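Trainee: The structure's right below; bear with me while I get my questions together.
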Amino acid sequence: MATAAQWIQGARLRTLPAAIAPVLIGSGAAYGMDSFILLNAILAAVVALLLQVGVNYANDYSDGIRGTDEDRVGPLRLVGSGVAKPNHVKLAAFAAFAVAMAAGLVLVIITQSWWLILVGLGCVMAAWGYTGGKNPYGYMGLGDVFVFVFFGLVATLGTTYTQAGRIDLASIIGAVGTGLIATALLMANNVRDIPTDTQAGKKTLAVRLGDKHARESYVLMLAVAILLVVILAPTKPWMLIVLLLIPACLMPSWLMINGRKRKSLIPVLKQTGLINLGYSVLFALGLVLSAGF
């Protein structure tokens, strides 16, 4: 039976910056439109964080019962390592989804934006379908699309909309930027797992692109995400503080391009997660400071 510490490990807390990043950016955009609402921001953060935890447990369950995680390098897999029963991990995933949906429903009631219920249901279905079900799209190379859309566009723009009642160019740029970095994080993870995923028949985008092109795409996504802020600089000059992240991107990019494999890529995952968090903090700060101009 898994211990509390193992359940926490299985939740993969290092992935949570990818969940909170779009909420910070979306809230910063709302502030820039003089529409920031703290309660709505907190509820959006709860939804995003619990969806991420639910995705992590769901992936642990689905990959575990398929045998994909048997020789996996990285954080503890509850099912793959045999420390937890598959049904218990599945229950944990759906419990996280349920609480996320409850928080989302409160947000819908507050904003009276009832159509967001459909968005929430779509998020949960997409989260489960990533590796769950008979035809998981994560095994077909579409997981990167899921991450970009839901942990980039939907999470960021949804946060802004539930506070401001509209979106603007800054929120769109931020959504694309954080979505690209979150996708880069997944790409680094999947580059590390190319050998085991290939053996298990899991055709991630990294497997389909091949090792070399997958690594190049990682660097490209980081570069585009950061340079996008230049578009906002003419009217929001403080957005250029995001460029301070460029030095932080050099080491993980170098490790990827120089062909580091397996355990040697674990630092890249940690650094990319921190880059995403730093990006969201600086992006939101830039919007707040620019609001005074």
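Each chain in the structure tokens gets a letter, A, B and so on, in the order shown; residues start at 1 in every chain, and ligands are counted from 1 in the order they appear.
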Select from range 138-202 of chain A every residue with an atom at most 8 Å from any atom of range 255-267 of chain A, then for each give the shortest pair of atoms and their distance in Å to one decimal, using only C-alpha atoms, rows by chain and rising number, as a Markdown table.
Mentor:
| residue | atom | partner | partner_atom | distance |
| --- | --- | --- | --- | --- |
| A:Ala188 | CA | A:Leu265 | CA | 7.4 |
| A:Asn189 | CA | A:Leu265 | CA | 7.9 |
| A:Val191 | CA | A:Lys261 | CA | 7.9 |
| A:Arg192 | CA | A:Arg262 | CA | 4.8 |
| A:Asp193 | CA | A:Arg262 | CA | 7.0 |
Trainee: Could the residues in this selection be saved with C-alpha atoms as a PDB file, in the first residue's frame?
Mentor:
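This went into again_19.pdb:
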ATOM      1  CA  ALA A 188      11.609  17.250 -23.060  1.00  0.00           C
ATOM      2  CA  ASN A 189       9.829  14.576 -21.029  1.00  0.00           C
ATOM      3  CA  VAL A 191      12.459  12.936 -25.638  1.00  0.00           C
ATOM      4  CA  ARG A 192      13.738  11.321 -22.457  1.00  0.00           C
ATOM      5  CA  ASP A 193      11.189   8.526 -22.857  1.00  0.00           C
TER       6      ASP A 193
END
Trainee: Tell me which protein, DNA and RNA residues are within 8 Å of Tyr61 in chain A, counting only C-alpha atoms, leaving out same-chain ones fewer than 6 positions away, and put them as a tab-separated table (two decimals) with C-alpha atoms, in the first residue's frame.
Mentor:
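Wrote it out as around11.tsv, contents follow:
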chain	number	residue	atom	x	y	z
A	78	LEU	CA	2.43	4.36	-8.44
A	79	VAL	CA	0.95	1.67	-10.68
A	86	PRO	CA	-4.60	0.64	-10.22
A	87	ASN	CA	-8.17	1.28	-9.09
A	89	VAL	CA	-4.91	5.60	-8.51
A	90	LYS	CA	-7.86	5.85	-10.89
Trainee: May I ask for the distance between CA of Lys134 in chain A and CA of Arg66 in chain A, given in Å to one decimal place?
Mentor: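 That distance, rounded to one decimal, is 10.9 Å.
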Trainee: Would you write out, as a Markdown table, a table of all residues in range 169-270 of chain A that have an atom no more than 6 Å from an atom of range 150-162 of chain A, listing for each the closest atom pair and the distance in Å to one decimal, considering only C-alpha atoms and ordering rows by chain and rising residue number?
Mentor:
| residue | atom | partner | partner_atom | distance |
| --- | --- | --- | --- | --- |
| A:Ala175 | CA | A:Leu153 | CA | 4.8 |
| A:Thr178 | CA | A:Gly152 | CA | 5.6 |
| A:Gly179 | CA | A:Gly152 | CA | 3.6 |
Trainee: What would the file look like if the residues just selected were written as a PDB file, in the first residue's frame with C-alpha atoms?
Mentor:
ATOM      1  CA  ALA A 175      -1.678  32.169 -23.594  1.00  0.00           C
ATOM      2  CA  THR A 178       2.910  29.768 -21.669  1.00  0.00           C
ATOM      3  CA  GLY A 179       1.308  27.103 -23.855  1.00  0.00           C
TER       4      GLY A 179
END
Trainee: I'd like to know which of A:His88, A:Arg12, A:Lys270, A:Arg166 is closest to Asp34 in chain A, using only C-alpha atoms.
Mentor: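 Closest candidate: A:Arg166.
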Trainee: Residues within 9 Å of Ala102 in chain A, please, as a VMD selection string. Count only C-alpha atoms; anything in the same chain fewer than 5 positions from it doesn't count.
Mentor: chain A and resid 47 97 107
Trainee: So what do you get for CA of Leu250 in chain A versus CA of Ile181 in chain A, distance-wise?
Mentor: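 Taking CA of Leu250 in chain A as the start and CA of Ile181 in chain A as the end point, the length is 14.0 Å.
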Trainee: Could you work out how far CA of Gln52 in chain A lies from CA of Met239 in chain A, giving the answer in Å with one decimal?
Mentor: 27.6 Å
Trainee: Based on DSSP run over this structure's backbone, return all residues of range 103-181 of chain A in alpha helix (DSSP H), as a ChimeraX atom specification.
Mentor: /A:103-111,116-129,143-148,155-164,169-181
Trainee: Those residues with N, CA and C atoms, as a short mmCIF file (atom, residue, chain, number, x, y, z; two decimals), in the first residue's frame please?
Mentor:
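Final output, again-v6.cif:
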data_model
loop_
_atom_site.label_atom_id
_atom_site.label_comp_id
_atom_site.auth_asym_id
_atom_site.auth_seq_id
_atom_site.Cartn_x
_atom_site.Cartn_y
_atom_site.Cartn_z
N ALA A 103 -15.00 23.50 -8.05
CA ALA A 103 -14.47 24.86 -8.01
C ALA A 103 -14.85 25.62 -9.29
N GLY A 104 -14.80 24.92 -10.41
CA GLY A 104 -15.17 25.53 -11.67
C GLY A 104 -16.64 25.92 -11.71
N LEU A 105 -17.49 25.10 -11.10
CA LEU A 105 -18.92 25.40 -11.07
C LEU A 105 -19.19 26.65 -10.25
N VAL A 106 -18.47 26.80 -9.14
CA VAL A 106 -18.60 28.02 -8.34
C VAL A 106 -18.22 29.24 -9.17
N LEU A 107 -17.16 29.11 -9.94
CA LEU A 107 -16.70 30.21 -10.80
C LEU A 107 -17.75 30.53 -11.86
N VAL A 108 -18.37 29.51 -12.40
CA VAL A 108 -19.43 29.71 -13.41
C VAL A 108 -20.61 30.44 -12.79
N ILE A 109 -21.00 30.05 -11.58
CA ILE A 109 -22.13 30.69 -10.91
C ILE A 109 -21.84 32.16 -10.63
N ILE A 110 -20.60 32.44 -10.20
CA ILE A 110 -20.22 33.82 -9.90
C ILE A 110 -20.26 34.68 -11.16
N THR A 111 -19.74 34.15 -12.25
CA THR A 111 -19.65 34.94 -13.49
C THR A 111 -20.90 34.87 -14.35
N LEU A 116 -19.36 28.06 -19.90
CA LEU A 116 -18.07 27.56 -19.43
C LEU A 116 -18.17 26.16 -18.84
N ILE A 117 -19.40 25.72 -18.51
CA ILE A 117 -19.57 24.34 -18.04
C ILE A 117 -19.13 23.37 -19.12
N LEU A 118 -19.47 23.68 -20.37
CA LEU A 118 -19.05 22.82 -21.49
C LEU A 118 -17.54 22.81 -21.64
N VAL A 119 -16.91 23.96 -21.41
CA VAL A 119 -15.45 24.04 -21.48
C VAL A 119 -14.84 23.16 -20.39
N GLY A 120 -15.41 23.25 -19.18
CA GLY A 120 -14.91 22.44 -18.07
C GLY A 120 -15.04 20.95 -18.34
N LEU A 121 -16.19 20.54 -18.85
CA LEU A 121 -16.38 19.13 -19.18
C LEU A 121 -15.40 18.69 -20.27
N GLY A 122 -15.17 19.56 -21.23
CA GLY A 122 -14.20 19.26 -22.28
C GLY A 122 -12.81 19.07 -21.72
N CYS A 123 -12.45 19.90 -20.73
CA CYS A 123 -11.13 19.79 -20.09
C CYS A 123 -10.95 18.44 -19.42
N VAL A 124 -11.98 18.01 -18.67
CA VAL A 124 -11.90 16.74 -17.95
C VAL A 124 -11.85 15.57 -18.93
N MET A 125 -12.69 15.62 -19.96
CA MET A 125 -12.69 14.54 -20.96
C MET A 125 -11.35 14.46 -21.68
N ALA A 126 -10.78 15.63 -22.00
CA ALA A 126 -9.49 15.65 -22.67
C ALA A 126 -8.39 15.15 -21.75
N ALA A 127 -8.49 15.50 -20.46
CA ALA A 127 -7.48 15.06 -19.49
C ALA A 127 -7.48 13.54 -19.36
N TRP A 128 -8.66 12.94 -19.31
CA TRP A 128 -8.74 11.48 -19.19
C TRP A 128 -8.34 10.80 -20.51
N GLY A 129 -8.76 11.37 -21.62
CA GLY A 129 -8.49 10.76 -22.92
C GLY A 129 -7.05 10.84 -23.36
N GLY A 143 -0.73 14.55 -27.71
CA GLY A 143 -0.64 15.05 -26.34
C GLY A 143 -0.12 16.48 -26.29
N ASP A 144 0.77 16.83 -27.20
CA ASP A 144 1.34 18.18 -27.24
C ASP A 144 0.25 19.20 -27.58
N VAL A 145 -0.66 18.81 -28.46
CA VAL A 145 -1.77 19.69 -28.82
C VAL A 145 -2.65 19.92 -27.59
N PHE A 146 -2.91 18.85 -26.83
CA PHE A 146 -3.72 18.95 -25.62
C PHE A 146 -3.09 19.93 -24.63
N VAL A 147 -1.80 19.80 -24.39
CA VAL A 147 -1.11 20.66 -23.43
C VAL A 147 -1.16 22.11 -23.89
N PHE A 148 -0.88 22.36 -25.17
CA PHE A 148 -0.88 23.73 -25.68
C PHE A 148 -2.27 24.35 -25.57
N ALA A 155 -6.70 27.73 -20.31
CA ALA A 155 -6.46 28.14 -18.92
C ALA A 155 -6.19 29.64 -18.81
N THR A 156 -5.40 30.18 -19.71
CA THR A 156 -5.06 31.60 -19.65
C THR A 156 -6.25 32.48 -20.03
N LEU A 157 -6.83 32.20 -21.18
CA LEU A 157 -7.94 33.03 -21.66
C LEU A 157 -9.18 32.85 -20.79
N GLY A 158 -9.36 31.63 -20.27
CA GLY A 158 -10.48 31.40 -19.36
C GLY A 158 -10.33 32.21 -18.08
N THR A 159 -9.11 32.28 -17.56
CA THR A 159 -8.86 33.08 -16.36
C THR A 159 -9.15 34.55 -16.61
N THR A 160 -8.68 35.06 -17.73
CA THR A 160 -8.92 36.46 -18.07
C THR A 160 -10.40 36.74 -18.24
N TYR A 161 -11.08 35.85 -18.97
CA TYR A 161 -12.50 36.07 -19.26
C TYR A 161 -13.35 36.06 -18.00
N THR A 162 -13.05 35.16 -17.06
CA THR A 162 -13.88 35.07 -15.85
C THR A 162 -13.68 36.27 -14.93
N GLN A 163 -12.69 37.10 -15.22
CA GLN A 163 -12.50 38.31 -14.43
C GLN A 163 -12.91 39.57 -15.20
N ALA A 164 -12.51 39.63 -16.46
CA ALA A 164 -12.75 40.85 -17.25
C ALA A 164 -13.98 40.77 -18.15
N LEU A 169 -5.25 41.36 -26.61
CA LEU A 169 -4.05 40.87 -27.28
C LEU A 169 -3.03 40.35 -26.28
N ALA A 170 -2.87 41.03 -25.15
CA ALA A 170 -1.90 40.60 -24.14
C ALA A 170 -2.22 39.22 -23.61
N SER A 171 -3.49 38.96 -23.34
CA SER A 171 -3.88 37.65 -22.83
C SER A 171 -3.66 36.56 -23.88
N ILE A 172 -3.88 36.89 -25.14
CA ILE A 172 -3.66 35.92 -26.22
C ILE A 172 -2.18 35.61 -26.37
N ILE A 173 -1.34 36.65 -26.37
CA ILE A 173 0.11 36.45 -26.46
C ILE A 173 0.60 35.62 -25.28
N GLY A 174 0.12 35.94 -24.09
CA GLY A 174 0.51 35.19 -22.90
C GLY A 174 0.06 33.75 -22.96
N ALA A 175 -1.15 33.53 -23.48
CA ALA A 175 -1.68 32.17 -23.59
C ALA A 175 -0.82 31.33 -24.54
N VAL A 176 -0.45 31.93 -25.66
CA VAL A 176 0.39 31.22 -26.62
C VAL A 176 1.77 30.96 -26.02
N GLY A 177 2.32 31.96 -25.34
CA GLY A 177 3.65 31.82 -24.76
C GLY A 177 3.75 30.74 -23.71
N THR A 178 2.85 30.78 -22.73
CA THR A 178 2.91 29.77 -21.67
C THR A 178 2.52 28.40 -22.21
N GLY A 179 1.65 28.37 -23.22
CA GLY A 179 1.31 27.10 -23.85
C GLY A 179 2.50 26.47 -24.54
N LEU A 180 3.31 27.30 -25.19
CA LEU A 180 4.52 26.79 -25.85
C LEU A 180 5.53 26.25 -24.85
N ILE A 181 5.70 26.95 -23.72
CA ILE A 181 6.66 26.48 -22.72
C ILE A 181 6.17 25.19 -22.07
#
Trainee: Write out as a list in words each polymer residue whose atoms come within 7 Å of Ala96 in chain A, counting only C-alpha atoms; drop sequence neighbours fewer than 5 positions from it.
Mentor: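 Listed by chain and then number, they are Leu50, Leu51, Val53 and Gly54 of chain A.
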Trainee: Just C-alpha atoms for this one: save the residues we selected as a tab-separated table (two decimals), in the first residue's frame.
Mentor:
chain	number	residue	atom	x	y	z
A	50	LEU	CA	-6.41	19.96	-9.48
A	51	LEU	CA	-6.81	19.27	-13.19
A	53	VAL	CA	-2.95	16.53	-10.42
A	54	GLY	CA	-5.84	14.59	-11.95
Trainee: Write out as number ranges by chain each polymer residue whose atoms come within 6 Å of range 197-212 of chain A, counting only C-alpha atoms; drop sequence neighbours fewer than 6 positions from it.
Mentor: A: 68, 139-141, 190-191
Trainee: Which residue out of A:Ala48, A:Ile25, A:Ala233, A:Met1 has the minimum interatomic distance to Tyr279 in chain A when only C-alpha atoms are used?
Mentor: A:Ile25
Trainee: Within 9 Å of Gly273 in chain A, counting only C-alpha atoms, which residues qualify if same-chain residues fewer than 4 places away don't, as a VMD selection string?
Mentor: chain A and resid 14 to 18 181 to 182 185 268 to 269 277 to 278
